[in-house]
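Trainee: One structure, pasted below without further comment.
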There are 4 protein chains.
Amino acid sequence: MVNYQEILQDIYTEIASSENEGKIASYIPELAKIDANKFGICLTNLVGREYHVGDSDERFSIQSISKVFAASLAFSILGDKIWERVGVEPSGTKFNSLIQLELENGIPRNPFINAGAIVVADMLITHLKHPKNDYLEFVQKLAGENSINFDFSVVDSEKDYGYRNAALINFMKSYGNIENDVDEVLDFYFHSCSIEMSCRELSRAFLIYANHGILASTGEKVLDKSQIKRMNALMQTCGFYDEAGEFSFKVGLPGKSGVGGGIAAVFPKEYSVVVWSPKLNKKGNSVYGLKTLELLTTKSGLSIF
Amino acid sequence: MVNYQEILQDIYTEIASSENEGKIASYIPELAKIDANKFGICLTNLVGREYHVGDSDERFSIQSISKVFAASLAFSILGDKIWERVGVEPSGTKFNSLIQLELENGIPRNPFINAGAIVVADMLITHLKHPKNDYLEFVQKLAGENSINFDFSVVDSEKDYGYRNAALINFMKSYGNIENDVDEVLDFYFHSCSIEMSCRELSRAFLIYANHGILASTGEKVLDKSQIKRMNALMQTCGFYDEAGEFSFKVGLPGKSGVGGGIAAVFPKEYSVVVWSPKLNKKGNSVYGLKTLELLTTKSGLSIF
Amino acid sequence: MVNYQEILQDIYTEIASSENEGKIASYIPELAKIDANKFGICLTNLVGREYHVGDSDERFSIQSISKVFAASLAFSILGDKIWERVGVEPSGTKFNSLIQLELENGIPRNPFINAGAIVVADMLITHLKHPKNDYLEFVQKLAGENSINFDFSVVDSEKDYGYRNAALINFMKSYGNIENDVDEVLDFYFHSCSIEMSCRELSRAFLIYANHGILASTGEKVLDKSQIKRMNALMQTCGFYDEAGEFSFKVGLPGKSGVGGGIAAVFPKEYSVVVWSPKLNKKGNSVYGLKTLELLTTKSGLSIF
Amino acid sequence: MVNYQEILQDIYTEIASSENEGKIASYIPELAKIDANKFGICLTNLVGREYHVGDSDERFSIQSISKVFAASLAFSILGDKIWERVGVEPSGTKFNSLIQLELENGIPRNPFINAGAIVVADMLITHLKHPKNDYLEFVQKLAGENSINFDFSVVDSEKDYGYRNAALINFMKSYGNIENDVDEVLDFYFHSCSIEMSCRELSRAFLIYANHGILASTGEKVLDKSQIKRMNALMQTCGFYDEAGEFSFKVGLPGKSGVGGGIAAVFPKEYSVVVWSPKLNKKGNSVYGLKTLELLTTKSGLSIF
């Protein structure tokens, strides 16, 4: 039997002492304020047992990891209809590329690039009564923790510097792929990305993707088995911007990264795992996060492949 | 325990009676001659037990499925050096796109698009003594069948109509990413794609990807565990041209398709499976092949996700 | 000596009776209201003599023709500095393409595509005291007619449907190539495009491009000789979206078209000419307008080439 | 009256003493052997009077300037049919870009980019009895000089390094836009680019573009007036790769450059002019050549705009 606590401890020690040439995300001032040396890991297995090291209880901005929750909620509400307005293919280009959108008439490649997540946000606004609140409660439920909240200073910072996202949404609106008011959709989108969670909370929330869609704490079925299979497939092929192949290649697990420095991944039927370290490589993924997960699958001898 | 024979039989019956709106590959006349109604399936499990239905013993042109064998052979010879000349990311564009090559200075996205497979062919010519013969013997060894051979009429047909591939290789040569003579590389490449195998032979050959790189028949380690993990990851993210996400999404297995109508897939640590039906959808993948594998993971209740 | 009145009359008669397969611009409802059969021509020579036929006194929305005036005003204020933020090369792509902007880091190809005109608008806002008013007065001065004004219903219509332009400006702002508030710049831009002028007024206003930059009525030098040469060169290579080559090829005069159905052109040192007919071809240029100018250079036997 | 001899002498003196940061074309070894300091100018007026300075009698490789002669010959043979297989629009991208070809199904933007010139070469092979010889004789006739010839060492060098052109032609052949054997077409194309001419010979050959298509020496009409107008329009919008706008903007004359360092230009109804200086800027155009022509139109006070 694999001793995860020992493995995580070894990995933490090995990596924490290594050089980190990454850089903190600086595209919005609020994210640039984070302590670059934070480093935490938490792995949660199917029976809810947690293994963690480092700054695993400190909350950070989950950023794009939120796109997995948003797509899951939209999928649970609309079913396969969501794929009429957003694709399931890797983008092959940078996460904010407008080129693909132009070549493909305003339909984003997948729900994990910004354009796709904005379309998902638009869907949720149409179908939720109190969009921001309902979404926050959905995330709280997955994590089993009601104190999880938005970081409003990050929301404000996103709004002040969100010209690229404003370009994306207006462009898609010109193709008829946005139903609601652009400012309302961006407000929701910026809120969803600004949620703060710790490694432990995120790891618990991601357990449904390892557990056939069942919320371990209550037994509630959030997504059905087939939908979870699809969300995992999407994370596998599209979870890491234009580094998805590299991640799949080195780590071999479905996962999703965020520019706040977090990476969440799952080993279906085994565990969920979250790493946080704010320094990013050039593709926008956490340097220590990638190393941690590569070592985890290597040292445990387990991967889906 | 899963009864694969029963499942395959059910799938075969269900699909064979359904409408097939696909079209046979016609870009080379030789491929267009195939009987459109052929349909065979073979699944081989880890202990070498085979389950098969339909035209599973009839050989067909494996076409792009050969790219997996070629990349594996190059990987086993050169190790990680092969990734200096070919990437590991999904392409996001059509399988013969020159746009990406131009934007990325002649380095193909991955070894499963034509450009990438041509670079791999170039590597093999540099490192093999008798390239075509040595490669054929490698494939024969994986399948345990010495009568496997090239279809020379397909080779000739490819040469007569291979202007797109000639464009690709000359373009990469202009960037310095082809070492050998372009005609020699294309000759090898066209031969490698023209190999004929049956579902049963291909299924046996693909077993190493489910079996940590070990050739079941002899115990020989063809690729090491880590390399197999990587080849599977590559099949998962890049095995189906610009339908890789869709396949991963619906089927959830690493695999590779060819325009001859074949699809090979693996369930790591469980089985390999090959379907053959020549009618292709617009993305160039076998219509029945995709359906068969989607039903297989659904009916067996097993997928890597 | 060329008898322009006779030539224009002949052209008008010949064209007015021909089939017109073009379509009125419909991207904003306000423009779609125009009478599709309007057709007017006016040619003004260097000494101010006017030749006109048809609906040459009826005002229409000058739309993109306004980009020439705006670029000229910015050029006269900032000199060669304006070329640091906007290029002088043909775009080779549709007039609202975002692809080129992304590949070239937010610097538009030239001031006559939408993105370029928006950057020019941004410059004018920075340097004019009362931007909209000052700009309107500049155009009134060129035409020698103070009753020229904005069409506010077109402005409102542009704002309601201007998602593509909102995408462009936000995208350029994300690259740092917009200094002012995006809504303020778009407001100015939409106003500038909504100016209404007749063929006769426009023709008079374009006379400076045939006359070394001198305003015939007052002798004022609006642009110097070298600047006029450059504005003409720009109209020659970039005045007709991705049909600039075709226009140059068939007509051989520098010119600029607008989706309101107007085309203004100049024969340096000879005349300016304006045609108006609202039905557009697929590239967005007036069908009758193109024919008129082709016949004009053919029948007069004069062209710059 | 303009004193061209004095103007050319002044320009030559001013430029020859200035710094030249350009670089000799090195993509084929044979071109890299040229003496970088060569500098010659020749202007020929409508009555055949020649004004020249510097190395105006030394022959150099005309390279892409040959594309104007080839397109003219094809135009004279096929008439407007040639525009079914090659466009008349600026490319907006580098002279050897495959991206545009892919987006536009194998139809090159214009006859002055490599792809377009290769299609023109294919047309000439189809319609000429002895293609290489007939083409050479056509150029000899325009220049009135029978000793003009191919430089066979340049032809060989082009063949050894012509992978990009091989990519282009194979790509177009895959779209059905090449009729003849690819090697035969490339052989013709490389020969046509390797013709050696001096500034004086080229200047005389270009006089037809200033002279309504009439060969001054014999009175023969090579192209009609309307065709010449079109060739000039094409040179104006497409003659300088992705620097066509810049050239039109600064010089204001139709013209064509070659990587051998030559630039030929015409002032319709006035003169033809050729400059040669081998050092090129980053866009592949002669640094001194551009300066010379900019000064020529400035100092003479004449330009088409």
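The way I read the labels, and the way they are meant: chains A, B, ... in the order of the structure tokens, residue 1 as the first residue of every chain, and ligand 1 as the first ligand shown, with later ones counted on from there.
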Can you work out which residues from chain D touch chain C at a cut-off of 8 Å (counting only C-alpha atoms) and hand them back as a PDB file with N, CA and C atoms, in the first residue's frame?

Mentor:
ATOM      1  N   VAL D  88      -4.881  39.452 -57.235  1.00  0.00           N
ATOM      2  CA  VAL D  88      -4.296  40.771 -57.471  1.00  0.00           C
ATOM      3  C   VAL D  88      -4.257  41.597 -56.183  1.00  0.00           C
ATOM      4  N   GLU D  89      -4.298  40.890 -55.049  1.00  0.00           N
ATOM      5  CA  GLU D  89      -4.321  41.599 -53.770  1.00  0.00           C
ATOM      6  C   GLU D  89      -2.974  41.505 -53.051  1.00  0.00           C
ATOM      7  N   PRO D  90      -2.614  42.543 -52.290  1.00  0.00           N
ATOM      8  CA  PRO D  90      -1.411  42.468 -51.452  1.00  0.00           C
ATOM      9  C   PRO D  90      -1.520  41.285 -50.494  1.00  0.00           C
ATOM     10  N   SER D  91      -0.386  40.692 -50.146  1.00  0.00           N
ATOM     11  CA  SER D  91      -0.458  39.500 -49.302  1.00  0.00           C
ATOM     12  C   SER D  91      -0.517  39.826 -47.819  1.00  0.00           C
ATOM     13  N   GLY D  92       0.097  40.923 -47.432  1.00  0.00           N
ATOM     14  CA  GLY D  92       0.087  41.253 -46.006  1.00  0.00           C
ATOM     15  C   GLY D  92       0.970  40.364 -45.165  1.00  0.00           C
ATOM     16  N   THR D  93       1.638  39.393 -45.791  1.00  0.00           N
ATOM     17  CA  THR D  93       2.519  38.512 -45.028  1.00  0.00           C
ATOM     18  C   THR D  93       3.837  38.346 -45.771  1.00  0.00           C
ATOM     19  N   ALA D 210       6.269  52.394 -68.554  1.00  0.00           N
ATOM     20  CA  ALA D 210       6.066  53.850 -68.529  1.00  0.00           C
ATOM     21  C   ALA D 210       5.472  54.320 -69.847  1.00  0.00           C
ATOM     22  N   ILE D 228      -1.035  47.303 -69.181  1.00  0.00           N
ATOM     23  CA  ILE D 228       0.089  47.995 -68.536  1.00  0.00           C
ATOM     24  C   ILE D 228      -0.391  48.705 -67.263  1.00  0.00           C
ATOM     25  N   LYS D 229      -1.563  49.338 -67.367  1.00  0.00           N
ATOM     26  CA  LYS D 229      -2.142  50.001 -66.199  1.00  0.00           C
ATOM     27  C   LYS D 229      -2.263  48.989 -65.057  1.00  0.00           C
ATOM     28  N   ARG D 230      -2.666  47.785 -65.394  1.00  0.00           N
ATOM     29  CA  ARG D 230      -2.855  46.760 -64.368  1.00  0.00           C
ATOM     30  C   ARG D 230      -1.534  46.249 -63.791  1.00  0.00           C
ATOM     31  N   MET D 231      -0.553  46.075 -64.674  1.00  0.00           N
ATOM     32  CA  MET D 231       0.751  45.642 -64.164  1.00  0.00           C
ATOM     33  C   MET D 231       1.327  46.712 -63.233  1.00  0.00           C
ATOM     34  N   ASN D 232       1.162  47.979 -63.598  1.00  0.00           N
ATOM     35  CA  ASN D 232       1.655  49.049 -62.726  1.00  0.00           C
ATOM     36  C   ASN D 232       0.909  49.071 -61.395  1.00  0.00           C
ATOM     37  N   ALA D 233      -0.405  48.880 -61.468  1.00  0.00           N
ATOM     38  CA  ALA D 233      -1.192  48.850 -60.231  1.00  0.00           C
ATOM     39  C   ALA D 233      -0.711  47.713 -59.333  1.00  0.00           C
ATOM     40  N   LEU D 234      -0.422  46.564 -59.941  1.00  0.00           N
ATOM     41  CA  LEU D 234       0.073  45.422 -59.168  1.00  0.00           C
ATOM     42  C   LEU D 234       1.425  45.733 -58.529  1.00  0.00           C
ATOM     43  N   GLN D 236       2.461  48.605 -57.749  1.00  0.00           N
ATOM     44  CA  GLN D 236       2.213  49.609 -56.700  1.00  0.00           C
ATOM     45  C   GLN D 236       1.776  48.947 -55.396  1.00  0.00           C
ATOM     46  N   THR D 237       0.851  47.983 -55.481  1.00  0.00           N
ATOM     47  CA  THR D 237       0.298  47.410 -54.251  1.00  0.00           C
ATOM     48  C   THR D 237       1.035  46.169 -53.755  1.00  0.00           C
ATOM     49  N   ASP D 242       6.051  42.478 -47.860  1.00  0.00           N
ATOM     50  CA  ASP D 242       5.209  43.146 -46.871  1.00  0.00           C
ATOM     51  C   ASP D 242       5.714  44.553 -46.544  1.00  0.00           C
ATOM     52  N   GLU D 243       6.429  45.145 -47.497  1.00  0.00           N
ATOM     53  CA  GLU D 243       6.841  46.542 -47.343  1.00  0.00           C
ATOM     54  C   GLU D 243       6.254  47.370 -48.492  1.00  0.00           C
ATOM     55  N   ALA D 244       5.245  46.816 -49.167  1.00  0.00           N
ATOM     56  CA  ALA D 244       4.656  47.502 -50.320  1.00  0.00           C
ATOM     57  C   ALA D 244       4.050  48.842 -49.910  1.00  0.00           C
ATOM     58  N   GLY D 245       3.349  48.847 -48.767  1.00  0.00           N
ATOM     59  CA  GLY D 245       2.740  50.091 -48.307  1.00  0.00           C
ATOM     60  C   GLY D 245       3.805  51.129 -47.998  1.00  0.00           C
ATOM     61  N   GLU D 246       4.834  50.701 -47.312  1.00  0.00           N
ATOM     62  CA  GLU D 246       5.941  51.594 -46.947  1.00  0.00           C
ATOM     63  C   GLU D 246       6.570  52.210 -48.197  1.00  0.00           C
ATOM     64  N   SER D 248       5.219  52.475 -51.269  1.00  0.00           N
ATOM     65  CA  SER D 248       4.233  53.332 -51.913  1.00  0.00           C
ATOM     66  C   SER D 248       4.157  54.655 -51.160  1.00  0.00           C
ATOM     67  N   PHE D 249       4.205  54.563 -49.859  1.00  0.00           N
ATOM     68  CA  PHE D 249       4.096  55.699 -48.953  1.00  0.00           C
ATOM     69  C   PHE D 249       5.285  56.647 -49.101  1.00  0.00           C
ATOM     70  N   LYS D 250       6.488  56.084 -49.167  1.00  0.00           N
ATOM     71  CA  LYS D 250       7.682  56.926 -49.204  1.00  0.00           C
ATOM     72  C   LYS D 250       8.068  57.326 -50.619  1.00  0.00           C
ATOM     73  N   GLY D 252       6.132  56.371 -53.717  1.00  0.00           N
ATOM     74  CA  GLY D 252       4.998  56.763 -54.562  1.00  0.00           C
ATOM     75  C   GLY D 252       5.123  56.378 -56.026  1.00  0.00           C
ATOM     76  N   PHE D 267       7.794  55.692 -63.520  1.00  0.00           N
ATOM     77  CA  PHE D 267       6.895  56.832 -63.396  1.00  0.00           C
ATOM     78  C   PHE D 267       6.127  56.840 -64.719  1.00  0.00           C
ATOM     79  N   PRO D 268       4.864  56.379 -64.694  1.00  0.00           N
ATOM     80  CA  PRO D 268       4.112  56.241 -65.933  1.00  0.00           C
ATOM     81  C   PRO D 268       4.124  57.532 -66.741  1.00  0.00           C
ATOM     82  N   SER D 303       5.827  62.726 -58.429  1.00  0.00           N
ATOM     83  CA  SER D 303       5.376  61.399 -57.989  1.00  0.00           C
ATOM     84  C   SER D 303       3.979  61.230 -58.543  1.00  0.00           C
ATOM     85  N   ILE D 304       3.509  60.000 -58.612  1.00  0.00           N
ATOM     86  CA  ILE D 304       2.172  59.815 -59.175  1.00  0.00           C
ATOM     87  C   ILE D 304       1.106  60.365 -58.245  1.00  0.00           C
ATOM     88  N   PHE D 305       1.468  60.569 -56.984  1.00  0.00           N
ATOM     89  CA  PHE D 305       0.476  61.119 -56.030  1.00  0.00           C
ATOM     90  C   PHE D 305       0.672  62.611 -55.832  1.00  0.00           C
TER      91      PHE D 305
END

Trainee: Please give the complete set of residues from stretch 81-276 of chain B that DSSP, run on the backbone, assigns to helix (DSSP H, G or I), formatted as number ranges by chain.

Mentor: B: 81-84, 99-103, 114-127, 131-143, 152-161, 163-174, 182-193, 199-205, 207-210, 225-238, 241-250

Trainee: Report, in Å to a single decimal, how far apart atom CA of B:Ser26 and atom CA of D:Glu102 are.

Mentor: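 Taking atom CA of D:Glu102 and atom CA of B:Ser26, their separation equals 20.3 Å.
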
Trainee: Excluding A:Ser277 and residues on its chain fewer than 6 positions from it, collect all residues at most 8 Å away from it, counting only C-alpha atoms, and give them as a PyMOL selection string.

Mentor: chain A and resi 36-40+261-262+286-289

Trainee: Using only C-alpha atoms, pick whichever of D:Leu223, D:Cys199, D:Ile118, D:Ala264 has the shortest atom-to-atom distance to D:Glu179.

Mentor: D:Ile118
